[in-house]
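What follows is a short report on a single structure.
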Amino acid sequence: MQDSQAPMRKEVSGRGKFLAFGIIGIGLIISIFIEKFGAPESIRNIPYILLGALVLAIAIPMAFYRKPVR
């Protein structure tokens, strides 16, 4: 017998995955523009921009685009 109180699994929907790839892509584009056109002092901020994009790409879809899995 299955327990009716078992927690339901959730996964990120297709829209959420698409949004995550878009966030990472925007972070990469910003990093490329900073490297190409930015001042030499701003190049040291590139890892932080990419890390921030990665964190947002994980957090936003997990928070807003989750659907239950049967």
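Letters for chains follow the order of the structure tokens (A, B, ...), residue numbers begin at 1 for each chain, and ligand numbers begin at 1 in the order shown.
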
If we count only C-alpha atoms and set the cut-off at 12 Å, which residues sit around A:Asn45, ignoring sequence neighbours fewer than 4 positions away in its own chain? Please answer as a PyMOL selection string. chain A and resi 27+30-32+34-35+38-41+49-52

Mind checking DSSP for chain A and telling me the helix (DSSP H, G or I) residues as a ChimeraX atom specification? /A:14-37,40-64

Within 9 Å of A:Leu56, counting only C-alpha atoms, which residues qualify if same-chain residues fewer than 6 places away don't, as number ranges by chain? A: 20, 23-24

Quick one: write out the picked residues with N, CA and C atoms as an mmCIF file, in the first residue's frame?
```cif
data_model
loop_
_atom_site.group_PDB
_atom_site.id
_atom_site.type_symbol
_atom_site.label_atom_id
_atom_site.label_comp_id
_atom_site.auth_asym_id
_atom_site.auth_seq_id
_atom_site.Cartn_x
_atom_site.Cartn_y
_atom_site.Cartn_z
ATOM 1 N N ALA A 20 16.926 29.478 -17.136
ATOM 2 C CA ALA A 20 18.252 29.273 -16.550
ATOM 3 C C ALA A 20 19.342 29.411 -17.607
ATOM 4 N N ILE A 23 19.757 33.106 -18.404
ATOM 5 C CA ILE A 23 20.485 33.850 -17.371
ATOM 6 C C ILE A 23 21.984 33.595 -17.492
ATOM 7 N N ILE A 24 22.372 32.347 -17.697
ATOM 8 C CA ILE A 24 23.795 32.025 -17.854
ATOM 9 C C ILE A 24 24.343 32.684 -19.118
#
```

Could you tell me how far atom CA of A:Ala63 sits from atom CA of A:Met8, in Å to one decimal place?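 Separating atom CA of A:Met8 from atom CA of A:Ala63 is a distance of 15.8 Å.
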
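Neighbouring residues of A:Glu11 at 8 Å or closer, counting only C-alpha atoms and skipping chain neighbours under 2 positions away, are Arg9, Ser13, Met62, Arg66, Lys67, Pro68 and Val69 of chain A.
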
Would you mind reading off the distance between atom CA of A:Phe64 and atom CA of A:Phe18, one decimal, in Å?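 Here the two named atoms are 12.8 Å from each other.
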
Just the number, please: distance in Å from atom CA of A:Tyr65 to atom CA of A:Gly16, one decimal.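 We find that atom CA of A:Tyr65 and atom CA of A:Gly16 lie 5.1 Å from each other.
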
Residue with smallest distance to A:Pro47 - pool A:Phe21, A:Ile60, A:Phe33, A:Leu28, counting only C-alpha atoms: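 Of A:Phe21, A:Ile60, A:Phe33, A:Leu28, the one nearest A:Pro47, counting only C-alpha atoms, is A:Leu28.
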
Can you list, as a list in words, every residue of chain A that DSSP puts in strand (DSSP E)? Lys10, Glu11, Val12, Arg66, Lys67 and Pro68 of chain A
